[in-house]
Amino acid sequence: MTGTNASRVPEPGESGAVLGLGISNRELILYLHRSGVRLSLYDQKGPEELGQRWEAVRDRVDRASLGPDYLSAFDLDRRRQRFDWVFVTPGMPRDLPQIEGARSDGSEISSELALFMIACPAAMVGVTGSSGKTTTVSLVDRFLRCDDRHVWLGGNIGTPLIDRLDEISDGHVVVLEISSFQLENAARVPQVGAVLNISPDHLDIHRTMANYVDAKARMVRCQEPGDFMVLGADCDRTRELAPAVRGDLALFSVEQTPDAFHGRFPLGAWYADDQLWVRQQGRDLSLCHAGDLPLRGRHNVSNTLAAALLALRMGASVDSIREGIEGFAPVRHRLEEVGEIGGVLFVNDSIATSPDRTFAALHSYDRPMTLILGGYNKRLTFDALSGELVRLARAGRLRALILMGAAAEEIEGSLRAEASAAEVRWGEIDSLYRVDDLAGAFDLARKISQAGDVVLMSPACASFDAFDNYMQRGDVFRAMVKRARPDEGV
């Protein structure tokens, strides 16, 4: 017997191994325990490190192996007696020999979100992509709420819904942000879905770009005839998924209008004449002027177009979408304007954990910029970002670049190589600094920036060299700004 991605839910009395006790697996354990599944837990952290997460589940598991040798313990246990189920935490490589061994034993491999999508009784909207997922699902959530729908928002956005299944009914709508890790084990995906874009990311886990693209493509491949898929037309990798769509298809673009496609693609939403447009029942309708969108950046025009198509498919009215756009508040850590100090605007873009995200953020402001970069590199290249930074520096757009963290040396090498290729010396056009950490970067940015500037913390790297996640990094940055302006709210 060979294990597969599960297409059913566990039955009472079955055995399950849970690998990793993150936020989603904590909720998963509570659900599985109530379902009568006999559970074993494995995590690389000890009880003290896990803290409240361990306290919440310790009485729900029959066995726990916590500490550095957790995978060896799991491997030994599954050799002694096969597990019916193995639930893998997001971000754990699926090609680990211990997991492959369980798969070959016949264990069904799943995860919290994969199981939720099997069991969910409500209509689901799912969004994946290398960037823009959180903003897009937050927009969909707001558009549907403005249309008086009962909406549940969860998935990779940080709200596991598996333990709320008893509260979700078939008249509700579930809106899910879905990462590449969460798609790997999925046998069922939302009936209404979107792949926004695909650019290099998480190659430290997926190993190759082909594996990463394959994970994202499961959003398309796992849909059924009659489902609905939204694809970003401005991304080659995403657009190439169109022939694999089994149901209805709509594309969105900020670079092309329907006439430019000459009928090759069903373009459902686009940007033209400084307005956001959708096509509904043969009519072209304006959603808003770009200047009225409460989100900065061309990439957020793209996110809004995708969200509008998804909400329309779920039956929302154009008026509800317009209302939702008008009152939408930007999501924290995504070009979040934290506050001004001495006329200098400080922006928290900690979500920028890849060079492509930072590339998009660079064009969201026309003020002189001090950019804070660096952190843990996910086996991604900085060459394209460095080339753009050299171009912006030559145009006088950058006040300075401040590099921090484990990837600082690699980023500096890339910058100097791109500057050399452009036949300039970096020091002749802008200031380049190296600091030890985010605190040093913030202090230096305050010293060198001038009134009217923007300090953009958009690291192009993950945070794992110094923080638990990008949210903690962003919160620390916000706190620094708050302490520097104690008389004003942040």
# chains A, B, ... in the order shown; residues from 1 in each chain; ligands from 1
>>> select_by_dssp(residues="segment 155-293 of chain A", states="helix (DSSP H, G or I)", output="PyMOL selection string")
chain A and resi 162-167+180-184+203-206+209-221+236-239+242-244+258-261+290-292
>>> residues_around(residues="Trp270 of chain A", least_positions_apart="3", cutoff="6 Å", atoms="only C-alpha atoms", output="compact mmCIF listing (two decimals) with C-alpha atoms, in the first residue's frame")
# COMPACT_ATOMS: atom_id res chain seq x y z
CA PHE A 252 -6.95 40.06 -14.38
CA SER A 253 -4.26 42.49 -15.49
CA VAL A 254 -2.80 45.89 -14.71
CA TRP A 277 -12.58 47.84 -14.32
>>> residues_around(residues="Gly405 of chain A", least_positions_apart="3", cutoff="8 Å", atoms="only C-alpha atoms", output="MDAnalysis selection string")
chainID A and resid 374:376 408 435:437 465:466
>>> residues_around(residues="Gly91 of chain A", least_positions_apart="4", cutoff="12 Å", atoms="only C-alpha atoms", output="list in words")
Leu19, Gly20, Gly22, Ser24, Asp95, Leu96, Ser111, Asn156, Ser179, Ser180, Phe181, Gln182, Leu183, Glu184, Asn185, His202, Leu203, Asp204, Ile205, His206, Arg207 and Lys378 of chain A
>>> atom_distance(atom1="atom CA of Arg313 of chain A", atom2="atom CA of Asp163 of chain A")
27.4 Å
>>> closest_residue(among="A:Ala233, A:Ala417, A:Val245, A:Leu76", to="Arg218 of chain A", atoms="only C-alpha atoms")
A:Val245
>>> select_by_dssp(residues="segment 31-275 of chain A", states="strand (DSSP E)", output="JSON, numbers by chain")
{"A": [38, 39, 40, 41, 42, 43, 63, 64, 65, 66, 85, 86, 87, 88, 108, 109, 110, 123, 124, 125, 126, 127, 128, 151, 152, 153, 154, 155, 173, 174, 175, 176, 177, 192, 193, 194, 195, 228, 229, 230, 231, 232, 248, 249, 250, 251, 252, 253, 267, 268, 269, 270, 271, 272, 275]}
>>> residues_around(residues="segment 361-370 of chain A", least_positions_apart="3", cutoff="8 Å", atoms="only C-alpha atoms", output="ChimeraX atom specification")
/A:296-298,335,349,357-358,396-402,445,449,452-456,458
>>> residues_around(residues="Val174 of chain A", least_positions_apart="5", cutoff="9 Å", atoms="only C-alpha atoms", output="list in words")
Cys120, Ala122, Ala123, Met124, Val125, Gly126, Asp141, His150, Val151, Trp152, Leu153, Gly154, Ile168 and Pro190 of chain A
>>> atom_distance(atom1="atom CA of Tyr31 of chain A", atom2="atom CA of Gln223 of chain A")
25.8 Å
